file target_7.cif (mmCIF, C-alpha atoms)
data_target
#
loop_
_atom_site.label_atom_id
_atom_site.label_comp_id
_atom_site.auth_asym_id
_atom_site.auth_seq_id
_atom_site.Cartn_x
_atom_site.Cartn_y
_atom_site.Cartn_z
CA MET Z 3 -25.66 67.96 -46.37
CA VAL Z 4 -26.63 64.69 -44.67
CA GLN Z 5 -25.16 65.92 -41.38
CA THR Z 6 -27.28 69.06 -41.62
CA LEU Z 7 -30.44 67.04 -42.21
CA ARG Z 8 -29.71 64.82 -39.22
CA ARG Z 9 -29.47 67.86 -36.95
CA LEU Z 10 -32.97 69.06 -37.87
CA PRO Z 11 -35.75 68.14 -35.45
CA ASN Z 12 -37.59 64.93 -36.28
CA PRO Z 13 -40.62 64.88 -33.99
CA ARG Z 14 -43.21 62.15 -34.17
CA LEU Z 15 -46.70 63.43 -33.50
CA THR Z 16 -49.75 61.38 -32.65
CA GLY Z 17 -52.91 62.04 -34.62
CA LEU Z 18 -54.20 64.37 -31.92
CA GLY Z 19 -50.79 66.03 -31.56
CA GLY Z 20 -50.63 66.55 -35.33
CA GLY Z 21 -54.05 68.16 -35.27
CA LEU Z 22 -53.12 70.44 -32.38
CA PHE Z 23 -49.79 71.34 -34.01
CA CYS Z 24 -51.38 72.12 -37.36
CA GLY Z 25 -54.31 74.02 -35.84
CA ALA Z 26 -52.14 76.09 -33.50
CA VAL Z 27 -49.61 76.95 -36.21
CA MET Z 28 -52.32 77.91 -38.69
CA PHE Z 29 -54.08 80.09 -36.10
CA ALA Z 30 -50.76 81.80 -35.28
CA LEU Z 31 -50.03 82.27 -38.99
CA GLY Z 32 -53.54 83.65 -39.48
CA CYS Z 33 -52.94 86.20 -36.72
CA LEU Z 34 -49.54 87.05 -38.19
CA ASP Z 35 -51.06 87.40 -41.67
CA SER Z 36 -53.72 89.69 -40.28
CA LEU Z 37 -51.10 91.90 -38.63
CA LEU Z 38 -48.44 91.97 -41.36
CA PHE Z 39 -50.31 91.53 -44.64
CA GLY Z 40 -53.72 93.00 -43.83
CA SER Z 41 -55.52 89.64 -43.91
CA SER Z 42 -54.24 88.57 -47.32
CA LEU Z 43 -55.93 85.28 -48.16
CA THR Z 44 -53.29 84.49 -50.79
CA ALA Z 45 -50.47 84.87 -48.27
CA TYR Z 46 -52.44 82.69 -45.86
CA GLY Z 47 -52.85 80.00 -48.51
CA VAL Z 48 -49.15 80.05 -49.37
CA LEU Z 49 -48.27 79.70 -45.68
CA PHE Z 50 -50.68 76.77 -45.38
CA LEU Z 51 -48.75 74.53 -47.80
CA PRO Z 52 -45.53 74.09 -45.77
CA VAL Z 53 -47.58 73.45 -42.64
CA CYS Z 54 -49.33 70.62 -44.51
CA VAL Z 55 -45.97 69.15 -45.51
CA LEU Z 56 -44.60 69.33 -41.96
CA THR Z 57 -47.74 67.82 -40.49
CA ALA Z 58 -47.70 64.89 -42.91
CA VAL Z 59 -43.98 64.28 -42.38
CA TRP Z 60 -44.09 64.51 -38.58
CA ILE Z 61 -47.16 62.31 -37.97
CA ARG Z 62 -46.31 58.88 -36.51
CA ARG Z 63 -46.50 55.85 -38.79
CA GLY Z 64 -49.56 54.48 -37.02
CA ASP Z 65 -51.48 57.74 -37.38
CA LEU Z 66 -50.74 58.51 -41.04
CA LEU Z 67 -54.41 58.53 -41.99
CA THR Z 68 -55.06 61.53 -39.76
CA ALA Z 69 -52.79 63.91 -41.71
CA PRO Z 70 -55.21 64.59 -44.60
CA VAL Z 71 -58.05 64.89 -42.08
CA VAL Z 72 -56.54 67.46 -39.72
CA VAL Z 73 -55.14 69.90 -42.29
CA PRO Z 74 -58.52 71.11 -43.62
CA ILE Z 75 -59.74 71.59 -40.05
CA ALA Z 76 -56.61 73.61 -39.27
CA PHE Z 77 -57.14 75.68 -42.41
CA ALA Z 78 -60.59 76.68 -41.15
CA VAL Z 79 -59.27 77.41 -37.64
CA GLY Z 80 -56.55 79.63 -39.03
CA LEU Z 81 -59.04 81.55 -41.14
CA LEU Z 82 -60.80 82.90 -38.06
CA PRO Z 83 -58.49 85.93 -37.63
CA VAL Z 84 -58.07 86.40 -41.40
CA ALA Z 85 -61.66 86.25 -42.66
CA GLU Z 86 -63.60 89.48 -42.97
CA SER Z 87 -66.03 89.98 -40.15
CA GLY Z 88 -69.18 91.99 -40.35
CA GLY Z 89 -71.29 92.75 -37.35
CA GLY Z 90 -71.66 90.01 -34.78
CA THR Z 91 -71.49 86.26 -35.00
CA SER Z 92 -73.44 85.93 -38.23
CA GLY Z 93 -71.10 88.40 -39.97
CA ARG Z 94 -68.05 86.48 -38.79
CA LEU Z 95 -69.54 83.17 -39.95
CA MET Z 96 -70.43 84.67 -43.33
CA GLY Z 97 -66.85 85.93 -43.72
CA LEU Z 98 -65.48 82.51 -42.74
CA PHE Z 99 -67.69 80.65 -45.24
CA THR Z 100 -66.85 83.15 -47.97
CA ALA Z 101 -63.12 82.74 -47.31
CA LEU Z 102 -63.46 78.95 -47.34
CA ALA Z 103 -65.30 79.09 -50.66
CA THR Z 104 -62.92 81.49 -52.36
CA GLN Z 105 -59.75 79.82 -51.06
CA ALA Z 106 -60.79 76.23 -51.79
CA GLY Z 107 -57.85 75.80 -54.18
CA TRP Z 108 -55.33 76.29 -51.35
CA LEU Z 109 -57.38 74.04 -49.11
CA TYR Z 110 -57.57 71.23 -51.67
CA GLY Z 111 -53.92 71.65 -52.63
CA GLY Z 112 -52.69 71.38 -49.05
CA THR Z 113 -54.94 68.43 -48.34
CA LEU Z 114 -53.70 66.72 -51.50
CA ILE Z 115 -50.07 67.31 -50.49
CA ALA Z 116 -50.68 65.87 -47.01
CA GLY Z 117 -52.54 62.91 -48.51
CA LEU Z 118 -49.81 62.17 -51.03
CA ILE Z 119 -47.05 62.32 -48.42
CA ALA Z 120 -49.02 60.10 -46.05
CA THR Z 121 -49.74 57.62 -48.86
CA VAL Z 122 -46.10 57.43 -49.94
CA ARG Z 123 -45.00 56.95 -46.33
CA LYS Z 124 -47.59 54.20 -45.82
CA ILE Z 125 -46.53 52.37 -49.02
CA ARG Z 126 -42.88 52.53 -47.98
CA LEU Z 127 -43.82 51.18 -44.54
CA MET Z 128 -45.79 48.28 -46.05
CA ARG Z 129 -42.93 47.43 -48.42
CA ARG Z 130 -40.44 47.39 -45.56
CA ARG Z 131 -42.65 45.02 -43.57
CA SER Z 132 -43.22 42.63 -46.45
CA GLY Z 133 -39.61 42.60 -47.67
#

call {"tool": "encode", "arguments": {"input": "target_7.cif", "output": "structure tokens"}}
result
Amino acid sequence: MVQTLRRLPNPRLTGLGGGLFCGAVMFALGCLDSLLFGSSLTAYGVLFLPVCVLTAVWIRRGDLLTAPVVVPIAFAVGLLPVAESGGGTSGRLMGLFTALATQAGWLYGGTLIAGLIATVRKIRLMRRRSG
């Protein structure tokens, strides 16, 4: 089991890299959700949670505070292909705001997960330095 875990990729992303990773993956998942599941907001929310975990785990130690900041932005970016769009720009914005309002539970849950992981990692880092 330990050998298998050591073979998995262990990237270290900067704050900007974490934001780009999270945003790009969520946009791709939003497009995939739109194609496969007919823009299911529940499926999109479920897919958001593992991306939050990966982002918080892969962010560098010095940039841990960015993890809970970039995941909500990525959630909104990924909603662009999923949200219902009426006519024109105002219809698309209205669909985006409606999706953000109705899916706030997924958004808050993912942000909480990223924040908890970043906090635990920061506490462990501070304990290592002091001990």

call {"tool": "resolve_selection", "arguments": {"input": "target_7.cif", "expression": "the PyMOL selection byres ((chain Z and resi 66-69) around 12)", "output": "PyMOL selection string"}}
result
chain Z and resi 14-25+53-65+70-76+112-125+127

call {"tool": "residues_around", "arguments": {"input": "target_7.cif", "residues": "Z:Leu98", "least_positions_apart": "6", "cutoff": "7 Å", "atoms": "only C-alpha atoms", "output": "list in words"}}
result
Leu81, Leu82 and Ala85 of chain Z

call {"tool": "write_last_selection", "arguments": {"input": "target_7.cif", "atoms": "C-alpha atoms", "output": "PDB file, in the coordinates of the input"}}
result
ATOM      1  CA  LEU Z  81     -59.040  81.550 -41.140  1.00  0.00           C
ATOM      2  CA  LEU Z  82     -60.800  82.900 -38.060  1.00  0.00           C
ATOM      3  CA  ALA Z  85     -61.660  86.250 -42.660  1.00  0.00           C
TER       4      ALA Z  85
END

call {"tool": "resolve_selection", "arguments": {"input": "target_7.cif", "expression": "the PyMOL selection byres ((chain Z and resi 36) around 12)", "output": "PDB file with C-alpha atoms, in the frame of the given file"}}
result
ATOM      1  CA  MET Z  28     -52.320  77.910 -38.690  1.00  0.00           C
ATOM      2  CA  PHE Z  29     -54.080  80.090 -36.100  1.00  0.00           C
ATOM      3  CA  ALA Z  30     -50.760  81.800 -35.280  1.00  0.00           C
ATOM      4  CA  LEU Z  31     -50.030  82.270 -38.990  1.00  0.00           C
ATOM      5  CA  GLY Z  32     -53.540  83.650 -39.480  1.00  0.00           C
ATOM      6  CA  CYS Z  33     -52.940  86.200 -36.720  1.00  0.00           C
ATOM      7  CA  LEU Z  34     -49.540  87.050 -38.190  1.00  0.00           C
ATOM      8  CA  ASP Z  35     -51.060  87.400 -41.670  1.00  0.00           C
ATOM      9  CA  LEU Z  37     -51.100  91.900 -38.630  1.00  0.00           C
ATOM     10  CA  LEU Z  38     -48.440  91.970 -41.360  1.00  0.00           C
ATOM     11  CA  PHE Z  39     -50.310  91.530 -44.640  1.00  0.00           C
ATOM     12  CA  GLY Z  40     -53.720  93.000 -43.830  1.00  0.00           C
ATOM     13  CA  SER Z  41     -55.520  89.640 -43.910  1.00  0.00           C
ATOM     14  CA  SER Z  42     -54.240  88.570 -47.320  1.00  0.00           C
ATOM     15  CA  LEU Z  43     -55.930  85.280 -48.160  1.00  0.00           C
ATOM     16  CA  THR Z  44     -53.290  84.490 -50.790  1.00  0.00           C
ATOM     17  CA  ALA Z  45     -50.470  84.870 -48.270  1.00  0.00           C
ATOM     18  CA  TYR Z  46     -52.440  82.690 -45.860  1.00  0.00           C
ATOM     19  CA  GLY Z  80     -56.550  79.630 -39.030  1.00  0.00           C
ATOM     20  CA  LEU Z  81     -59.040  81.550 -41.140  1.00  0.00           C
ATOM     21  CA  LEU Z  82     -60.800  82.900 -38.060  1.00  0.00           C
ATOM     22  CA  PRO Z  83     -58.490  85.930 -37.630  1.00  0.00           C
ATOM     23  CA  VAL Z  84     -58.070  86.400 -41.400  1.00  0.00           C
ATOM     24  CA  ALA Z  85     -61.660  86.250 -42.660  1.00  0.00           C
ATOM     25  CA  GLU Z  86     -63.600  89.480 -42.970  1.00  0.00           C
TER      26      GLU Z  86
END

call {"tool": "atom_distance", "arguments": {"input": "target_7.cif", "atom1": "atom CA of Z:Pro13", "atom2": "atom CA of Z:Phe50"}}
result
19.3 Å

call {"tool": "atom_distance", "arguments": {"input": "target_7.cif", "atom1": "atom CA of Z:Gly89", "atom2": "atom CA of Z:Gln105"}}
result
22.1 Å

call {"tool": "atom_distance", "arguments": {"input": "target_7.cif", "atom1": "atom CA of Z:Leu51", "atom2": "atom CA of Z:Leu109"}}
result
8.7 Å

call {"tool": "axis_aligned_box", "arguments": {"input": "target_7.cif", "around": "stretch 113-132 of chain Z", "padding_each_side": "4 Å", "output": "lines of an AutoDock Vina configuration file"}}
result
center_x = -47.7
center_y = 55.5
center_z = -47.5
size_x = 22.5
size_y = 33.8
size_z = 15.9
